[in-house]
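Undergrad: Sending over structure.txt (compact mmCIF, N, CA and C atoms).
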```txt
# COMPACT_ATOMS: atom_id res chain seq x y z
N MET A 17 -4.72 -5.94 -24.71
CA MET A 17 -4.76 -4.98 -23.62
C MET A 17 -5.37 -3.67 -24.13
N LYS A 18 -6.31 -3.18 -23.39
CA LYS A 18 -6.91 -1.89 -23.72
C LYS A 18 -5.98 -0.78 -23.26
N VAL A 19 -5.88 0.26 -24.05
CA VAL A 19 -5.06 1.41 -23.65
C VAL A 19 -5.77 2.18 -22.55
N LEU A 20 -7.06 2.40 -22.72
CA LEU A 20 -7.85 3.09 -21.71
C LEU A 20 -8.85 2.10 -21.11
N SER A 21 -8.68 1.82 -19.85
CA SER A 21 -9.63 0.95 -19.17
C SER A 21 -10.50 1.80 -18.25
N VAL A 22 -11.58 1.22 -17.80
CA VAL A 22 -12.48 1.92 -16.88
C VAL A 22 -11.73 2.27 -15.59
N ASN A 23 -10.92 1.34 -15.11
CA ASN A 23 -10.17 1.60 -13.88
C ASN A 23 -9.13 2.69 -14.05
N LEU A 24 -8.51 2.78 -15.23
CA LEU A 24 -7.56 3.85 -15.49
C LEU A 24 -8.26 5.20 -15.49
N LEU A 25 -9.45 5.26 -16.09
CA LEU A 25 -10.21 6.51 -16.10
C LEU A 25 -10.66 6.90 -14.69
N LYS A 26 -11.10 5.92 -13.91
CA LYS A 26 -11.48 6.19 -12.52
C LYS A 26 -10.29 6.69 -11.72
N PHE A 27 -9.14 6.03 -11.89
CA PHE A 27 -7.93 6.45 -11.19
C PHE A 27 -7.53 7.87 -11.58
N THR A 28 -7.63 8.18 -12.87
CA THR A 28 -7.27 9.51 -13.35
C THR A 28 -8.20 10.56 -12.75
N PHE A 29 -9.48 10.25 -12.67
CA PHE A 29 -10.43 11.19 -12.08
C PHE A 29 -10.14 11.42 -10.60
N VAL A 30 -9.95 10.33 -9.86
CA VAL A 30 -9.65 10.45 -8.42
C VAL A 30 -8.29 11.16 -8.24
N GLY A 31 -7.33 10.84 -9.10
CA GLY A 31 -6.03 11.50 -9.04
C GLY A 31 -6.12 12.98 -9.35
N ALA A 32 -7.01 13.37 -10.25
CA ALA A 32 -7.20 14.79 -10.56
C ALA A 32 -7.76 15.53 -9.34
N ILE A 33 -8.72 14.93 -8.67
CA ILE A 33 -9.27 15.55 -7.45
C ILE A 33 -8.18 15.66 -6.38
N LEU A 34 -7.40 14.59 -6.23
CA LEU A 34 -6.30 14.61 -5.26
C LEU A 34 -5.25 15.66 -5.64
N SER A 35 -4.97 15.81 -6.93
CA SER A 35 -4.00 16.81 -7.38
C SER A 35 -4.51 18.23 -7.11
N MET A 36 -5.80 18.46 -7.33
CA MET A 36 -6.36 19.78 -7.03
C MET A 36 -6.28 20.08 -5.54
N THR A 37 -6.57 19.08 -4.72
CA THR A 37 -6.46 19.24 -3.27
C THR A 37 -5.03 19.54 -2.88
N PHE A 38 -4.09 18.83 -3.49
CA PHE A 38 -2.67 19.05 -3.24
C PHE A 38 -2.28 20.49 -3.59
N CYS A 39 -2.74 20.99 -4.74
CA CYS A 39 -2.42 22.36 -5.16
C CYS A 39 -3.00 23.39 -4.20
N VAL A 40 -4.22 23.17 -3.76
CA VAL A 40 -4.85 24.10 -2.82
C VAL A 40 -4.07 24.13 -1.50
N LEU A 41 -3.75 22.96 -0.96
CA LEU A 41 -3.01 22.91 0.30
C LEU A 41 -1.60 23.47 0.15
N ARG A 42 -0.96 23.17 -0.98
CA ARG A 42 0.39 23.72 -1.21
C ARG A 42 0.33 25.23 -1.28
N ASP A 43 -0.70 25.77 -1.92
CA ASP A 43 -0.85 27.22 -2.00
C ASP A 43 -1.09 27.82 -0.62
N ILE A 44 -1.92 27.17 0.17
CA ILE A 44 -2.19 27.66 1.54
C ILE A 44 -0.90 27.66 2.36
N PHE A 45 -0.11 26.60 2.24
CA PHE A 45 1.15 26.52 2.99
C PHE A 45 2.13 27.59 2.53
N PHE A 46 2.21 27.85 1.23
CA PHE A 46 3.11 28.89 0.73
C PHE A 46 2.67 30.27 1.21
N LYS A 47 1.39 30.52 1.12
CA LYS A 47 0.88 31.86 1.50
C LYS A 47 0.95 32.09 3.02
N SER A 48 0.86 31.02 3.80
CA SER A 48 0.87 31.14 5.26
C SER A 48 2.27 31.01 5.85
N ASP A 49 3.28 30.95 5.00
CA ASP A 49 4.66 30.79 5.45
C ASP A 49 4.86 29.51 6.25
N LEU A 50 4.18 28.45 5.87
CA LEU A 50 4.32 27.14 6.51
C LEU A 50 5.12 26.21 5.61
N LEU A 51 6.25 26.69 5.16
CA LEU A 51 7.05 25.94 4.18
C LEU A 51 7.57 24.63 4.73
N HIS A 52 7.72 24.54 6.04
CA HIS A 52 8.24 23.30 6.63
C HIS A 52 7.23 22.15 6.58
N TYR A 53 5.95 22.44 6.28
CA TYR A 53 4.95 21.39 6.15
C TYR A 53 4.84 20.85 4.72
N ILE A 54 5.42 21.53 3.77
CA ILE A 54 5.29 21.12 2.38
C ILE A 54 5.91 19.75 2.11
N PRO A 55 7.10 19.42 2.64
CA PRO A 55 7.61 18.05 2.41
C PRO A 55 6.68 16.96 2.95
N VAL A 56 6.04 17.23 4.07
CA VAL A 56 5.08 16.26 4.63
C VAL A 56 3.89 16.13 3.69
N LEU A 57 3.43 17.24 3.16
CA LEU A 57 2.32 17.23 2.20
C LEU A 57 2.69 16.43 0.95
N VAL A 58 3.90 16.65 0.44
CA VAL A 58 4.35 15.93 -0.76
C VAL A 58 4.42 14.43 -0.48
N ILE A 59 4.98 14.05 0.66
CA ILE A 59 5.09 12.63 1.00
C ILE A 59 3.70 11.98 1.11
N LEU A 60 2.77 12.66 1.77
CA LEU A 60 1.40 12.13 1.88
C LEU A 60 0.74 12.02 0.50
N TYR A 61 0.97 13.00 -0.33
CA TYR A 61 0.41 13.00 -1.69
C TYR A 61 0.95 11.82 -2.49
N VAL A 62 2.24 11.62 -2.45
CA VAL A 62 2.87 10.53 -3.22
C VAL A 62 2.41 9.17 -2.69
N ILE A 63 2.38 9.00 -1.38
CA ILE A 63 1.95 7.73 -0.80
C ILE A 63 0.49 7.44 -1.17
N THR A 64 -0.35 8.46 -1.12
CA THR A 64 -1.76 8.28 -1.48
C THR A 64 -1.89 7.91 -2.96
N LEU A 65 -1.13 8.59 -3.83
CA LEU A 65 -1.19 8.26 -5.26
C LEU A 65 -0.71 6.85 -5.54
N ILE A 66 0.37 6.43 -4.90
CA ILE A 66 0.89 5.08 -5.11
C ILE A 66 -0.12 4.04 -4.63
N THR A 67 -0.74 4.29 -3.48
CA THR A 67 -1.75 3.37 -2.96
C THR A 67 -2.94 3.27 -3.91
N LEU A 68 -3.40 4.41 -4.40
CA LEU A 68 -4.50 4.42 -5.37
C LEU A 68 -4.10 3.69 -6.65
N LEU A 69 -2.89 3.95 -7.13
CA LEU A 69 -2.40 3.31 -8.35
C LEU A 69 -2.41 1.79 -8.19
N ILE A 70 -1.89 1.30 -7.09
CA ILE A 70 -1.83 -0.14 -6.86
C ILE A 70 -3.24 -0.73 -6.80
N ASN A 71 -4.15 -0.07 -6.08
CA ASN A 71 -5.51 -0.59 -5.95
C ASN A 71 -6.25 -0.62 -7.29
N PHE A 72 -6.19 0.47 -8.06
CA PHE A 72 -6.89 0.50 -9.34
C PHE A 72 -6.21 -0.42 -10.36
N TYR A 73 -4.88 -0.52 -10.30
CA TYR A 73 -4.17 -1.39 -11.24
C TYR A 73 -4.53 -2.85 -11.00
N ARG A 74 -4.64 -3.24 -9.74
CA ARG A 74 -5.01 -4.63 -9.42
C ARG A 74 -6.41 -4.96 -9.91
N LYS A 75 -7.29 -3.97 -9.95
CA LYS A 75 -8.65 -4.20 -10.43
C LYS A 75 -8.68 -4.48 -11.93
N ASP A 76 -7.63 -4.02 -12.65
CA ASP A 76 -7.54 -4.31 -14.09
C ASP A 76 -7.32 -5.79 -14.35
N GLY A 77 -6.76 -6.49 -13.39
CA GLY A 77 -6.56 -7.94 -13.52
C GLY A 77 -5.51 -8.31 -14.53
N ARG A 78 -5.71 -9.46 -15.14
CA ARG A 78 -4.71 -10.02 -16.05
C ARG A 78 -4.68 -9.32 -17.40
N GLU A 79 -5.70 -8.52 -17.72
CA GLU A 79 -5.70 -7.88 -19.04
C GLU A 79 -4.64 -6.79 -19.13
N SER A 80 -4.13 -6.32 -18.00
CA SER A 80 -3.14 -5.26 -18.00
C SER A 80 -1.75 -5.83 -17.73
N ARG A 81 -0.85 -5.62 -18.67
CA ARG A 81 0.50 -6.17 -18.56
C ARG A 81 1.56 -5.07 -18.55
N ASP A 82 1.18 -3.86 -18.27
CA ASP A 82 2.12 -2.75 -18.38
C ASP A 82 2.76 -2.35 -17.05
N ILE A 83 2.62 -3.15 -16.04
CA ILE A 83 3.15 -2.94 -14.69
C ILE A 83 2.88 -1.52 -14.16
N GLY A 84 1.71 -1.00 -14.48
CA GLY A 84 1.28 0.29 -13.94
C GLY A 84 1.80 1.51 -14.67
N PHE A 85 2.48 1.32 -15.79
CA PHE A 85 3.06 2.47 -16.50
C PHE A 85 1.99 3.42 -17.02
N ARG A 86 0.89 2.88 -17.56
CA ARG A 86 -0.19 3.75 -18.06
C ARG A 86 -0.74 4.62 -16.95
N TYR A 87 -0.88 4.06 -15.76
CA TYR A 87 -1.38 4.80 -14.62
C TYR A 87 -0.41 5.91 -14.23
N ASN A 88 0.86 5.58 -14.22
CA ASN A 88 1.87 6.55 -13.83
C ASN A 88 1.92 7.72 -14.82
N ILE A 89 1.91 7.42 -16.10
CA ILE A 89 1.98 8.50 -17.09
C ILE A 89 0.69 9.31 -17.11
N ALA A 90 -0.45 8.66 -16.89
CA ALA A 90 -1.73 9.40 -16.88
C ALA A 90 -1.78 10.41 -15.74
N ILE A 91 -1.38 9.97 -14.55
CA ILE A 91 -1.46 10.89 -13.42
C ILE A 91 -0.35 11.94 -13.48
N PHE A 92 0.78 11.61 -14.10
CA PHE A 92 1.84 12.60 -14.31
C PHE A 92 1.33 13.74 -15.19
N ILE A 93 0.67 13.39 -16.28
CA ILE A 93 0.13 14.41 -17.18
C ILE A 93 -0.95 15.23 -16.49
N VAL A 94 -1.88 14.56 -15.82
CA VAL A 94 -2.98 15.26 -15.14
C VAL A 94 -2.43 16.17 -14.04
N HIS A 95 -1.50 15.66 -13.24
CA HIS A 95 -0.93 16.47 -12.15
C HIS A 95 -0.25 17.72 -12.70
N ASN A 96 0.53 17.58 -13.77
CA ASN A 96 1.25 18.73 -14.30
C ASN A 96 0.32 19.75 -14.94
N ILE A 97 -0.71 19.28 -15.62
CA ILE A 97 -1.68 20.22 -16.21
C ILE A 97 -2.38 21.00 -15.09
N ILE A 98 -2.82 20.30 -14.07
CA ILE A 98 -3.52 20.96 -12.95
C ILE A 98 -2.57 21.92 -12.24
N SER A 99 -1.35 21.50 -11.99
CA SER A 99 -0.39 22.36 -11.28
C SER A 99 -0.06 23.62 -12.07
N ILE A 100 0.14 23.47 -13.37
CA ILE A 100 0.46 24.64 -14.19
C ILE A 100 -0.73 25.60 -14.25
N PHE A 101 -1.93 25.06 -14.48
CA PHE A 101 -3.11 25.93 -14.48
C PHE A 101 -3.32 26.59 -13.13
N TRP A 102 -3.09 25.84 -12.06
CA TRP A 102 -3.25 26.41 -10.71
C TRP A 102 -2.26 27.55 -10.51
N PHE A 103 -1.03 27.35 -10.93
CA PHE A 103 -0.02 28.40 -10.79
C PHE A 103 -0.41 29.64 -11.58
N ILE A 104 -0.89 29.45 -12.81
CA ILE A 104 -1.30 30.59 -13.64
C ILE A 104 -2.49 31.31 -13.01
N ILE A 105 -3.46 30.56 -12.51
CA ILE A 105 -4.63 31.17 -11.87
C ILE A 105 -4.23 31.98 -10.65
N ILE A 106 -3.37 31.40 -9.80
CA ILE A 106 -2.93 32.12 -8.60
C ILE A 106 -2.14 33.36 -8.99
N HIS A 107 -1.27 33.22 -9.97
CA HIS A 107 -0.46 34.35 -10.41
C HIS A 107 -1.34 35.48 -10.93
N ASN A 108 -2.35 35.13 -11.73
CA ASN A 108 -3.25 36.16 -12.27
C ASN A 108 -4.20 36.70 -11.22
N ARG A 109 -4.60 35.87 -10.27
CA ARG A 109 -5.54 36.32 -9.24
C ARG A 109 -4.94 37.43 -8.39
N TYR A 110 -3.70 37.26 -8.01
CA TYR A 110 -3.05 38.26 -7.18
C TYR A 110 -2.39 39.36 -7.99
N ASN A 111 -2.32 39.17 -9.33
CA ASN A 111 -1.73 40.15 -10.23
C ASN A 111 -0.35 40.60 -9.72
N ILE A 112 0.48 39.64 -9.39
CA ILE A 112 1.81 39.89 -8.87
C ILE A 112 2.82 39.41 -9.90
N SER A 113 3.80 40.23 -10.16
CA SER A 113 4.85 39.75 -11.07
C SER A 113 5.74 38.77 -10.33
N LEU A 114 6.33 37.86 -11.07
CA LEU A 114 7.17 36.84 -10.44
C LEU A 114 8.38 37.45 -9.74
N ILE A 115 8.86 38.54 -10.25
CA ILE A 115 10.04 39.15 -9.64
C ILE A 115 9.69 39.74 -8.29
N ASP A 116 8.48 40.24 -8.11
CA ASP A 116 8.07 40.88 -6.87
C ASP A 116 7.73 39.90 -5.76
N SER A 117 7.39 38.71 -6.10
CA SER A 117 6.91 37.78 -5.08
C SER A 117 7.86 36.59 -4.93
N MET A 118 8.55 36.55 -3.79
CA MET A 118 9.46 35.45 -3.51
C MET A 118 8.68 34.15 -3.32
N ALA A 119 7.47 34.22 -2.76
CA ALA A 119 6.67 33.02 -2.54
C ALA A 119 6.29 32.37 -3.87
N LEU A 120 5.92 33.20 -4.86
CA LEU A 120 5.59 32.65 -6.17
C LEU A 120 6.81 32.06 -6.87
N GLN A 121 7.96 32.71 -6.68
CA GLN A 121 9.20 32.14 -7.24
C GLN A 121 9.49 30.79 -6.62
N TRP A 122 9.35 30.71 -5.30
CA TRP A 122 9.62 29.46 -4.60
C TRP A 122 8.63 28.38 -5.02
N GLU A 123 7.38 28.78 -5.21
CA GLU A 123 6.36 27.82 -5.63
C GLU A 123 6.66 27.30 -7.04
N LEU A 124 7.09 28.17 -7.94
CA LEU A 124 7.42 27.75 -9.29
C LEU A 124 8.62 26.81 -9.30
N ILE A 125 9.63 27.12 -8.50
CA ILE A 125 10.82 26.26 -8.41
C ILE A 125 10.44 24.89 -7.85
N SER A 126 9.61 24.87 -6.81
CA SER A 126 9.22 23.58 -6.23
C SER A 126 8.37 22.78 -7.20
N LEU A 127 7.51 23.45 -7.95
CA LEU A 127 6.70 22.78 -8.97
C LEU A 127 7.59 22.15 -10.03
N PHE A 128 8.58 22.90 -10.49
CA PHE A 128 9.51 22.39 -11.50
C PHE A 128 10.32 21.21 -10.94
N ASN A 129 10.84 21.34 -9.74
CA ASN A 129 11.65 20.26 -9.14
C ASN A 129 10.83 18.99 -8.95
N PHE A 130 9.60 19.12 -8.46
CA PHE A 130 8.73 17.97 -8.26
C PHE A 130 8.43 17.27 -9.59
N SER A 131 8.14 18.06 -10.62
CA SER A 131 7.85 17.49 -11.94
C SER A 131 9.09 16.84 -12.54
N LEU A 132 10.25 17.45 -12.34
CA LEU A 132 11.48 16.87 -12.86
C LEU A 132 11.80 15.54 -12.17
N LEU A 133 11.65 15.49 -10.87
CA LEU A 133 11.87 14.25 -10.13
C LEU A 133 10.90 13.16 -10.60
N TRP A 134 9.63 13.53 -10.75
CA TRP A 134 8.62 12.59 -11.21
C TRP A 134 8.93 12.11 -12.62
N LEU A 135 9.43 13.01 -13.49
CA LEU A 135 9.79 12.62 -14.84
C LEU A 135 10.93 11.60 -14.84
N ILE A 136 11.90 11.78 -13.98
CA ILE A 136 13.00 10.82 -13.85
C ILE A 136 12.45 9.46 -13.41
N ILE A 137 11.56 9.47 -12.43
CA ILE A 137 10.94 8.21 -11.98
C ILE A 137 10.13 7.59 -13.11
N LEU A 138 9.45 8.41 -13.89
CA LEU A 138 8.66 7.91 -15.03
C LEU A 138 9.56 7.27 -16.08
N ILE A 139 10.70 7.85 -16.35
CA ILE A 139 11.65 7.27 -17.31
C ILE A 139 12.17 5.93 -16.80
N ILE A 140 12.50 5.86 -15.51
CA ILE A 140 12.93 4.59 -14.92
C ILE A 140 11.82 3.56 -15.02
N HIS A 141 10.59 3.98 -14.73
CA HIS A 141 9.44 3.07 -14.83
C HIS A 141 9.28 2.57 -16.27
N PHE A 142 9.49 3.45 -17.25
CA PHE A 142 9.40 3.04 -18.65
C PHE A 142 10.47 2.01 -18.99
N LEU A 143 11.69 2.21 -18.50
CA LEU A 143 12.77 1.25 -18.76
C LEU A 143 12.45 -0.10 -18.13
N VAL A 144 11.90 -0.09 -16.92
CA VAL A 144 11.49 -1.34 -16.28
C VAL A 144 10.38 -2.00 -17.07
N PHE A 145 9.46 -1.19 -17.58
CA PHE A 145 8.37 -1.69 -18.43
C PHE A 145 8.92 -2.37 -19.67
N LEU A 146 9.90 -1.75 -20.33
CA LEU A 146 10.50 -2.35 -21.53
C LEU A 146 11.23 -3.65 -21.20
N ILE A 147 11.97 -3.65 -20.12
CA ILE A 147 12.69 -4.87 -19.70
C ILE A 147 11.70 -5.97 -19.38
N HIS A 148 10.63 -5.63 -18.67
CA HIS A 148 9.59 -6.60 -18.31
C HIS A 148 8.97 -7.21 -19.57
N ASN A 149 8.62 -6.37 -20.53
CA ASN A 149 7.98 -6.86 -21.76
C ASN A 149 8.95 -7.68 -22.60
N THR A 150 10.21 -7.31 -22.62
CA THR A 150 11.21 -8.07 -23.37
C THR A 150 11.44 -9.42 -22.72
N LYS A 151 11.51 -9.43 -21.40
CA LYS A 151 11.78 -10.68 -20.66
C LYS A 151 10.66 -11.70 -20.86
N TYR A 152 9.43 -11.23 -20.85
CA TYR A 152 8.28 -12.14 -20.96
C TYR A 152 7.65 -12.16 -22.35
N ASN A 153 8.33 -11.54 -23.34
CA ASN A 153 7.84 -11.49 -24.71
C ASN A 153 6.38 -11.04 -24.80
N ILE A 154 6.11 -9.92 -24.17
CA ILE A 154 4.75 -9.37 -24.16
C ILE A 154 4.71 -8.21 -25.13
N ASN A 155 3.71 -8.19 -25.99
CA ASN A 155 3.51 -7.05 -26.88
C ASN A 155 2.55 -6.10 -26.20
N PRO A 156 3.01 -4.85 -25.95
CA PRO A 156 2.13 -3.91 -25.23
C PRO A 156 0.91 -3.51 -26.02
```
Could you rewrite the structure in this file as structure tokens?

TA:
Amino acid sequence: MKVLSVNLLKFTFVGAILSMTFCVLRDIFFKSDLLHYIPVLVILYVITLITLLINFYRKDGRESRDIGFRYNIAIFIVHNIISIFWFIIIHNRYNISLIDSMALQWELISLFNFSLLWLIILIIHFLVFLIHNTKYNINP
């Protein structure tokens, strides 16, 4: 099994574009006081990522035995890097201290909560990956 496949790289690229779009829309919703639309945005983002993950993972065929774990960890890393850089750019662009801006505080808390939830899901996915490999005696 290759650690980096062409489909994984394509998925990561498409996921990075999707993550940037998510950050832009999330920022627009925070700045426009449309906080009630953010859960809908998150749900659409997650559903789109899962759909992309399944499609690109299936293209890997039989050579991939990791039940999508590489895809999940790749997009987790890319999403968090983009989100953190986006937050820093927005913070510096407006030159607002975190204490002065409730919207930036709320955005940072939501970013942390989303990443924490995703990390928990990633750990569960890793445990399923280990159980799967142990059950079928697959060397990753």

Undergrad: Just the residues within 8 Å of His95 (chain A), please, counting only N, CA and C atoms, with nothing from its chain fewer than 5 positions along; format it as a compact mmCIF listing (two decimals) with N, CA and C atoms, keeping the file's coordinate frame.

TA:
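Everything below was put into part_28.txt:
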```
# COMPACT_ATOMS: atom_id res chain seq x y z
N GLY A 31 -7.33 10.84 -9.10
CA GLY A 31 -6.03 11.50 -9.04
C GLY A 31 -6.12 12.98 -9.35
N ALA A 32 -7.01 13.37 -10.25
CA ALA A 32 -7.20 14.79 -10.56
C ALA A 32 -7.76 15.53 -9.34
N LEU A 34 -7.40 14.59 -6.23
CA LEU A 34 -6.30 14.61 -5.26
C LEU A 34 -5.25 15.66 -5.64
N SER A 35 -4.97 15.81 -6.93
CA SER A 35 -4.00 16.81 -7.38
C SER A 35 -4.51 18.23 -7.11
N MET A 36 -5.80 18.46 -7.33
CA MET A 36 -6.36 19.78 -7.03
C MET A 36 -6.28 20.08 -5.54
N ILE A 89 1.91 7.42 -16.10
CA ILE A 89 1.98 8.50 -17.09
C ILE A 89 0.69 9.31 -17.11
N ALA A 90 -0.45 8.66 -16.89
CA ALA A 90 -1.73 9.40 -16.88
C ALA A 90 -1.78 10.41 -15.74
N ILE A 100 0.14 23.47 -13.37
CA ILE A 100 0.46 24.64 -14.19
C ILE A 100 -0.73 25.60 -14.25
N PHE A 101 -1.93 25.06 -14.48
CA PHE A 101 -3.11 25.93 -14.48
C PHE A 101 -3.32 26.59 -13.13
```

Undergrad: Any idea what's packed within 9 Å of region 37-48 of chain A, counting only C-alpha atoms, ignoring anything in its chain fewer than 2 positions away? Could you give it as a VMD selection string?

TA: chain A and resid 32 to 35 50 to 54 57 to 58 61 98 to 99 102 to 103 106 119 to 120 122 to 123

Undergrad: Mind listing the alpha helix (DSSP H) residues of chain A, per DSSP on the backbone, as a PyMOL selection string?

TA: chain A and resi 22-47+54-76+85-110+118-151

Undergrad: How many Å lie between CA of Leu127 (chain A) and CA of Asn71 (chain A), rounded to one decimal?

TA: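 Taking CA of Leu127 (chain A) as the start and CA of Asn71 (chain A) as the end point, the length is 26.5 Å.
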
Undergrad: Between CA of Phe128 (chain A) and CA of Ile97 (chain A), what distance in Å does the model show, to one decimal?

TA: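 Separation between CA of Phe128 (chain A) and CA of Ile97 (chain A): 12.3 Å.
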
Undergrad: Looking at A:Ser131, A:Leu138, A:Thr28, A:Ser21, which one is nearest to Phe85 (chain A), with distances taken over only C-alpha atoms?

TA: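 Using only C-alpha atoms, Phe85 (chain A) sits closest to A:Leu138.
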
Undergrad: Could you work out how far atom C of Phe72 (chain A) lies from atom N of Val22 (chain A), giving the answer in Å with one decimal?

TA: 9.3 Å

Undergrad: Go through A:Leu68, A:Ser126, A:Gly84, A:Ile140 and flag the residue nearest Phe27 (chain A), using all atoms listed in the file for the distances.

TA: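 The shortest atom-to-atom distance to Phe27 (chain A) comes from A:Leu68.
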
Undergrad: Give the answer as one residue: which of A:Tyr73, A:Thr67, A:Asn88, A:Asn23 has the shortest atom-to-atom distance to Phe142 (chain A), using only C-alpha atoms?

TA: A:Asn88
